[in-house]
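Enquirer: Data file coords_13.csv (CSV, C-alpha atoms and all ligand atoms) is appended below.
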chain,number,residue,atom,x,y,z
A,10,MET,CA,240.0,229.2,331.9
A,11,ASN,CA,238.9,226.8,334.6
A,12,ALA,CA,239.3,228.3,338.0
A,13,VAL,CA,240.4,226.1,340.9
A,14,ILE,CA,238.9,226.9,344.3
A,15,ASP,CA,241.4,227.6,347.0
A,16,HIS,CA,240.3,225.2,349.6
A,17,ALA,CA,242.5,226.6,352.3
A,18,ARG,CA,240.8,229.9,352.0
A,19,SER,CA,237.2,228.9,353.0
A,20,ARG,CA,235.5,231.5,355.1
A,21,GLY,CA,232.6,231.1,357.4
A,22,SER,CA,229.1,232.1,356.3
A,23,PRO,CA,227.8,235.3,358.0
A,24,ARG,CA,225.5,233.4,360.3
A,25,GLY,CA,227.5,230.2,360.1
A,26,GLU,CA,224.5,228.0,359.3
A,27,PRO,CA,224.1,226.0,356.1
A,28,VAL,CA,221.2,227.0,353.9
A,29,ARG,CA,218.8,224.3,352.8
A,30,LEU,CA,217.9,224.4,349.1
A,31,LYS,CA,214.8,223.3,347.3
A,32,ASP,CA,216.2,219.9,346.5
A,33,GLY,CA,217.1,219.2,350.1
A,34,SER,CA,220.8,219.7,349.7
A,35,PHE,CA,222.7,222.4,351.6
A,36,CYS,CA,225.0,225.3,350.7
A,37,HIS,CA,226.8,228.0,352.6
A,38,ILE,CA,226.7,231.7,351.9
A,39,ARG,CA,229.9,233.5,352.7
A,40,PRO,CA,231.3,236.9,351.9
A,41,ILE,CA,233.5,237.3,348.8
A,42,GLY,CA,236.5,239.2,350.1
A,43,ARG,CA,239.4,241.0,348.4
A,44,ASP,CA,241.7,238.7,346.4
A,45,ASP,CA,238.9,236.2,346.0
A,46,SER,CA,239.2,236.1,342.2
A,47,GLU,CA,239.0,232.3,342.1
A,48,THR,CA,235.5,232.4,343.4
A,49,VAL,CA,234.5,235.1,340.9
A,50,MET,CA,236.0,233.1,338.1
A,51,ALA,CA,234.4,229.8,339.2
A,52,CYS,CA,231.0,231.5,339.1
A,53,PHE,CA,231.7,233.1,335.7
A,54,ASP,CA,232.8,229.7,334.3
A,55,GLY,CA,229.6,228.1,335.4
A,56,LEU,CA,227.4,230.4,333.4
A,57,SER,CA,226.2,229.5,329.9
A,58,ASP,CA,226.3,232.1,327.1
A,59,ALA,CA,222.6,232.8,327.7
A,60,SER,CA,223.2,233.4,331.4
A,61,ARG,CA,226.2,235.6,330.7
A,62,ARG,CA,224.0,237.7,328.3
A,63,LEU,CA,221.4,238.2,331.1
A,64,ARG,CA,224.1,239.1,333.6
A,65,PHE,CA,226.4,241.3,331.5
A,66,PHE,CA,223.9,242.5,328.9
A,67,GLY,CA,225.8,241.1,325.9
A,68,ALA,CA,228.0,238.2,324.7
A,69,LYS,CA,230.9,237.7,327.1
A,70,ARG,CA,233.6,235.1,326.5
A,71,ALA,CA,235.9,236.1,329.4
A,72,LEU,CA,236.3,238.6,332.1
A,73,THR,CA,239.1,241.2,331.6
A,74,GLU,CA,241.7,241.7,334.3
A,75,ALA,CA,240.1,245.0,335.2
A,76,GLU,CA,236.6,243.4,335.5
A,77,LEU,CA,238.0,240.6,337.6
A,78,ALA,CA,239.7,243.1,339.9
A,79,TYR,CA,236.5,245.1,340.2
A,80,LEU,CA,234.3,242.0,340.9
A,81,SER,CA,236.8,240.7,343.5
A,82,GLY,CA,237.1,244.1,345.2
A,83,ALA,CA,234.3,243.9,347.8
A,84,ASP,CA,235.2,245.9,350.9
A,85,GLY,CA,232.1,245.1,353.0
A,86,ARG,CA,231.0,248.8,353.1
A,87,GLU,CA,230.8,250.3,349.6
A,88,HIS,CA,230.8,247.0,347.8
A,89,LEU,CA,229.2,243.9,349.4
A,90,ALA,CA,229.5,240.5,347.8
A,91,PHE,CA,228.5,237.0,348.8
A,92,ALA,CA,229.1,233.6,347.3
A,93,ALA,CA,227.0,230.5,347.6
A,94,VAL,CA,229.3,227.5,348.0
A,95,ARG,CA,229.1,223.8,348.6
A,96,ARG,CA,231.4,222.5,351.3
A,97,ASP,CA,233.0,219.2,352.2
A,98,ALA,CA,232.9,217.6,355.7
A,99,LEU,CA,236.0,219.7,356.7
A,100,GLY,CA,234.3,222.9,355.9
A,101,ARG,CA,236.3,223.6,352.7
A,102,ASP,CA,234.7,225.0,349.6
A,103,THR,CA,234.2,222.4,346.9
A,104,GLU,CA,231.9,224.2,344.4
A,105,VAL,CA,230.8,227.7,343.7
A,106,LEU,CA,227.0,227.9,343.0
A,107,GLY,CA,226.6,231.7,342.6
A,108,ALA,CA,227.4,235.2,343.6
A,109,ALA,CA,225.4,238.3,344.5
A,110,ARG,CA,226.7,241.8,345.1
A,111,CYS,CA,225.6,245.3,345.6
A,112,ILE,CA,227.7,248.4,345.1
A,113,ARG,CA,226.7,251.9,346.3
A,114,SER,CA,225.6,254.1,343.4
A,115,THR,CA,228.0,256.9,344.8
A,116,PRO,CA,230.2,256.6,347.8
A,117,GLY,CA,228.1,256.6,351.0
A,118,SER,CA,224.8,256.5,349.1
A,119,GLU,CA,221.9,254.6,350.6
A,120,THR,CA,221.1,253.2,347.2
A,121,ALA,CA,223.2,250.3,345.8
A,122,GLU,CA,223.2,248.6,342.4
A,123,LEU,CA,222.4,244.9,342.7
A,124,ALA,CA,223.8,242.2,340.4
A,125,MET,CA,223.8,238.4,340.8
A,126,ALA,CA,224.3,235.2,338.9
A,127,VAL,CA,223.8,231.5,339.7
A,128,VAL,CA,225.7,228.9,337.7
A,129,ASP,CA,223.4,227.2,335.2
A,130,ARG,CA,223.5,223.8,336.9
A,131,ALA,CA,222.2,225.2,340.2
A,132,GLN,CA,219.5,227.6,338.9
A,133,GLY,CA,215.9,227.2,340.0
A,134,ASN,CA,217.0,225.5,343.3
A,135,GLY,CA,216.7,228.5,345.6
A,136,VAL,CA,220.3,229.6,345.5
A,137,GLY,CA,219.4,233.1,344.1
A,138,THR,CA,216.8,233.6,346.9
A,139,ALA,CA,219.3,232.6,349.6
A,140,LEU,CA,222.0,234.9,348.2
A,141,LEU,CA,219.6,237.8,348.0
A,142,ASP,CA,218.4,237.2,351.6
A,143,HIS,CA,222.0,237.4,352.9
A,144,LEU,CA,222.9,240.3,350.8
A,145,MET,CA,219.8,242.2,351.9
A,146,GLU,CA,220.5,241.7,355.6
A,147,ALA,CA,224.2,242.7,355.2
A,148,ALA,CA,223.3,245.7,353.2
A,149,ARG,CA,220.8,246.9,355.7
A,150,GLU,CA,223.4,246.6,358.4
A,151,GLN,CA,225.6,248.9,356.4
A,152,GLY,CA,222.9,251.5,356.1
A,153,ILE,CA,221.8,250.7,352.5
A,154,ARG,CA,218.1,251.4,352.1
A,155,ARG,CA,217.3,250.4,348.5
A,156,PHE,CA,218.6,248.2,345.7
A,157,ARG,CA,218.5,249.3,342.1
A,158,CYS,CA,218.7,246.6,339.5
A,159,GLU,CA,218.9,246.7,335.7
A,160,VAL,CA,217.2,243.7,334.1
A,161,LEU,CA,216.8,242.6,330.5
A,162,ALA,CA,213.1,242.4,329.7
A,163,ASP,CA,213.3,238.7,328.9
A,164,ASN,CA,215.0,237.8,332.2
A,165,GLU,CA,212.0,236.0,333.8
A,166,GLY,CA,214.1,234.7,336.7
A,167,MET,CA,215.5,238.1,337.8
A,168,ARG,CA,212.2,239.8,337.3
A,169,ALA,CA,210.6,237.2,339.6
A,170,LEU,CA,213.3,237.9,342.3
A,171,ALA,CA,213.0,241.7,341.9
A,172,LYS,CA,209.2,241.5,342.1
A,173,ARG,CA,209.5,239.4,345.3
A,174,LEU,CA,211.7,242.1,346.8
A,175,GLY,CA,208.9,244.5,346.3
A,176,GLY,CA,210.6,246.2,343.4
A,177,HIS,CA,208.8,248.5,341.0
A,178,PRO,CA,210.0,248.3,337.4
A,179,GLY,CA,210.5,251.3,335.1
A,180,TRP,CA,211.6,251.3,331.4
A,181,LEU,CA,215.0,252.7,330.6
A,182,ASP,CA,215.8,254.3,327.2
A,183,ASP,CA,217.8,251.3,326.0
A,184,GLY,CA,214.7,249.0,326.5
A,185,THR,CA,215.9,247.4,329.7
A,186,LEU,CA,213.9,247.4,333.0
A,187,GLU,CA,215.2,249.1,336.1
A,188,TYR,CA,213.8,247.9,339.4
A,189,ASP,CA,213.8,250.1,342.4
A,190,CYS,CA,213.6,247.9,345.5
A,191,PRO,CA,213.2,249.6,348.9
A,192,LEU,CA,214.7,247.2,351.5
A,193,PRO,CA,212.2,246.2,354.3
A,194,ASP,CA,213.2,247.3,357.8
A,195,ALA,CA,214.8,244.6,359.9
A,196,PRO,CA,212.5,242.9,362.3
A,197,ALA,CA,212.7,244.6,365.7
A,198,ALA,CA,215.1,242.6,368.0
A,199,PRO,CA,213.6,241.6,371.4
A,200,LYS,CA,214.7,243.8,374.2
A,201,PRO,CA,217.4,242.2,376.4
A,202,ASN,CA,216.0,240.9,379.7
A,203,PRO,CA,217.7,242.6,382.7
A,204,ASN,CA,216.6,239.9,385.2
A,205,PRO,CA,215.9,236.6,383.5
A,206,LYS,CA,215.3,234.7,386.7
A,207,ARG,CA,212.5,237.0,387.9
A,208,ALA,CA,211.0,237.3,384.5
A,209,SER,CA,210.7,233.6,384.0
A,210,ARG,CA,208.3,233.4,387.0
A,211,ARG,CA,206.1,236.2,385.5
A,212,ARG,CA,203.3,235.5,383.1
A,213,PRO,CA,204.3,236.4,379.5
A,214,VAL,CA,203.5,239.9,378.5
A,215,PRO,CA,200.9,240.0,375.7
A,216,ARG,CA,202.0,241.3,372.3
A,217,SER,CA,200.8,244.8,371.9
A,218,VAL,CA,200.5,244.7,368.1
A,219,SER,CA,199.4,241.8,365.9
A,220,TRP,CA,202.1,240.8,363.4
A,221,ARG,CA,199.4,239.8,360.9
A,222,THR,CA,197.3,243.0,360.9
A,223,ASP,CA,199.5,245.6,362.6
A,224,ARG,CA,196.4,246.4,364.7
A,225,PRO,CA,196.7,246.7,368.5
A,226,VAL,CA,195.8,243.5,370.2
A,227,PRO,CA,193.8,244.0,373.5
A,228,ALA,CA,195.6,242.7,376.5
A,229,PRO,CA,193.7,239.7,378.0
A,230,TRP,CA,192.7,241.6,381.2
A,231,THR,CA,191.4,244.6,379.3
A,232,ASP,CA,189.3,242.2,377.2
A,233,SER,CA,187.7,240.4,380.1
A,234,TRP,CA,186.9,243.6,382.1
A,235,GLU,CA,185.3,245.1,379.0
A,236,ARG,CA,183.2,242.0,378.5
A,237,ALA,CA,182.1,242.0,382.2
A,238,ALA,CA,181.2,245.7,382.0
A,239,LYS,CA,179.1,245.1,378.9
A,240,VAL,CA,177.2,242.2,380.5
A,241,SER,CA,176.6,244.3,383.7
A,242,VAL,CA,175.2,247.2,381.7
A,243,ALA,CA,173.0,244.9,379.7
A,244,PHE,CA,171.7,243.3,382.9
A,245,PHE,CA,170.8,246.6,384.6
A,246,GLU,CA,169.2,247.9,381.4
A,247,THR,CA,166.9,244.9,381.2
A,248,ALA,CA,166.1,245.1,384.9
A,249,ALA,CA,165.3,248.8,384.6
A,250,LEU,CA,163.0,248.3,381.6
A,251,THR,CA,161.2,245.4,383.3
A,252,TRP,CA,160.7,247.6,386.4
A,253,TYR,CA,159.5,250.5,384.2
A,254,ASP,CA,157.1,248.4,382.2
A,255,ASN,CA,155.7,246.0,384.8
A,256,VAL,CA,156.2,247.4,388.4
A,257,LEU,CA,155.8,251.1,387.8
A,258,PRO,CA,152.3,251.0,386.2
A,259,GLY,CA,151.0,248.8,389.2
A,260,GLN,CA,152.2,251.3,391.8
A,261,PHE,CA,151.1,254.5,390.2
A,262,GLY,CA,148.0,253.2,388.2
A,263,ARG,CA,149.5,253.9,384.8
B,301,LIG,C1,218.2,235.2,338.0
B,301,LIG,C2,218.9,234.2,338.8
B,301,LIG,C3,220.0,234.9,339.7
B,301,LIG,C4,217.9,233.5,339.8
B,301,LIG,O1,218.6,232.6,340.6
B,301,LIG,P1,217.9,231.2,341.0
B,301,LIG,O2,218.8,230.5,341.9
B,301,LIG,O3,217.7,230.4,339.7
B,301,LIG,O4,216.6,231.6,341.6
B,301,LIG,P2,215.7,230.8,342.7
B,301,LIG,O5,215.8,229.4,342.4
B,301,LIG,O6,216.0,231.3,344.0
B,301,LIG,O7,214.2,231.3,342.2
B,301,LIG,C5,213.7,232.5,342.7
B,301,LIG,C6,212.3,232.7,342.1
B,301,LIG,O8,212.4,233.1,340.7
B,301,LIG,C7,211.7,232.2,339.9
B,301,LIG,N1,212.5,231.9,338.7
B,301,LIG,C8,213.8,231.6,338.7
B,301,LIG,N2,214.1,231.4,337.4
B,301,LIG,C9,213.0,231.6,336.7
B,301,LIG,C10,212.8,231.6,335.3
B,301,LIG,N3,213.8,231.3,334.4
B,301,LIG,N4,211.6,231.9,334.8
B,301,LIG,C11,210.6,232.2,335.7
B,301,LIG,N5,210.8,232.3,337.0
B,301,LIG,C12,212.0,232.0,337.5
B,301,LIG,C13,211.4,231.0,340.6
B,301,LIG,O9,210.1,230.5,340.3
B,301,LIG,C14,211.5,231.3,342.0
B,301,LIG,O10,210.3,231.5,342.6
B,301,LIG,P3,209.7,230.4,343.6
B,301,LIG,O11,210.7,230.2,344.7
B,301,LIG,O12,208.4,231.0,344.1
B,301,LIG,O13,209.5,229.2,342.8
B,301,LIG,C15,219.5,233.1,337.9
B,301,LIG,O14,218.5,232.5,337.1
B,301,LIG,C16,220.7,233.6,337.1
B,301,LIG,O15,221.8,233.6,337.5
B,301,LIG,N6,220.4,234.0,335.8
B,301,LIG,C17,221.5,234.4,334.9
B,301,LIG,C18,222.1,235.7,335.3
B,301,LIG,C19,221.1,236.8,335.6
B,301,LIG,O16,220.1,236.9,335.0
B,301,LIG,N7,221.5,237.7,336.5
B,301,LIG,C20,220.6,238.8,336.9
B,301,LIG,C21,221.0,240.0,336.3
B,301,LIG,S1,221.5,241.1,337.5
I need this file expressed as structure tokens, please.
Expert:
Amino acid sequence: MNAVIDHARSRGSPRGEPVRLKDGSFCHIRPIGRDDSETVMACFDGLSDASRRLRFFGAKRALTEAELAYLSGADGREHLAFAAVRRDALGRDTEVLGAARCIRSTPGSETAELAMAVVDRAQGNGVGTALLDHLMEAAREQGIRRFRCEVLADNEGMRALAKRLGGHPGWLDDGTLEYDCPLPDAPAAPKPNPNPKRASRRRPVPRSVSWRTDRPVPAPWTDSWERAAKVSVAFFETAALTWYDNVLPGQFGR
């Protein structure tokens, strides 16, 4: 069955900006909402038998009604799902490139099961990475702390993505790999400036922690005072030694 994308039902991507892919083209990442079965079907239709095996762990010719309802049932809290789509100049969806979702292991759990698929013609172009970035951010906002992902051992692409997420693989009884991926904390948002006019006249406040090393970075004034103090101590030490070695013996006949 070839799904037709409902152009009238295009939604905005969460941040609204298009995502640049490896080949220089752009796509949009947008949530898959309820009753969005066309998007789910378009993604499934774009998968080869090999990709379907990797996604569904077996041969799959079609999705059942129940599966379609389940995959189209994202609610944004327990079940989060995003699609990567191409758009025309009017902002209408023209092509589905892939989909990624996470579903909490149990209601309210901080662990969610991750699954994704990119249509064969778009694989290796950064779509999977873009989908995962968006899903991760949305999941974190909903209090999800880790993704768990079951992967067939020969699935190089998904293993690469799970590894990049910092996932640790473990073998399951049926010979598949399970990745446990703790989600990194969101970068701290800068504090709102209560008085932007005054602040703009002030010198910028130095960062207190280096983002490269996580070690404290000395503030510039601390640094220069410390250097001046060291130079002074060295100067007085030298003067005292010179006085002790050269002047003192002359005065007391040492
Ligand atoms: C796994 C999958 C989602 C990856 O999506 P994608 O859009 O092809 O991934 P990206 O282009 O963002 O590539 C991500 C990284 O994985 C690596 N990668 C992707 N496919 C790979 C492959 N077949 N072999 C080795 N590495 C691969 C890439 O090198 C890339 O790393 P890089 O950016 O450093 O070059 C996609 O291949 C797919 O849908 N596969 C079939 C379904 C499936 O396996 N689903 C996962 C089960 S939950």
Enquirer: Report as a VMD selection string all protein, DNA and RNA residues lying within 9 Å of region 131-148 of chain A, evaluated on all atoms listed in the file, omitting residues in the same chain fewer than 3 positions from it.
Expert: chain A and resid 23 28 to 32 36 38 to 39 85 to 86 89 to 93 106 to 111 121 125 to 128 151 to 156 166 to 167 170 192 to 193 195
Enquirer: Atom C2 of ligand LIG 301 (chain B) to CA of Gly82 (chain A): how many Å, to one decimal?
Expert: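 Answer for the atom C2 of ligand LIG 301 (chain B) to CA of Gly82 (chain A) separation: 21.7 Å.
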Enquirer: Would you mind reading off the distance between atom N1 of ligand LIG 301 (chain B) and CA of Ala169 (chain A), one decimal, in Å?
Expert: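 Going from atom N1 of ligand LIG 301 (chain B) over to CA of Ala169 (chain A) covers 5.7 Å.
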Enquirer: Choose the residue, out of A:Leu63, A:Met50, A:Ile112, A:Ala68, that has the smallest atom-to-atom separation from ligand LIG 301 (chain B); count only C-alpha atoms and all ligand atoms.
Expert: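 Nearest candidate to ligand LIG 301 (chain B) out of A:Leu63, A:Met50, A:Ile112, A:Ala68: A:Leu63.
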Enquirer: Which of these, A:His177, A:Lys69, A:Arg95, A:Arg62, has the shortest distance to Pro27 (chain A) once you count all atoms listed in the file?
Expert: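 Of A:His177, A:Lys69, A:Arg95, A:Arg62, the one nearest Pro27 (chain A) is A:Arg95, counting all atoms listed in the file.
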Enquirer: What's the separation between CA of Leu186 (chain A) and atom P1 of ligand LIG 301 (chain B), in Å to one decimal place?
Expert: 18.5 Å
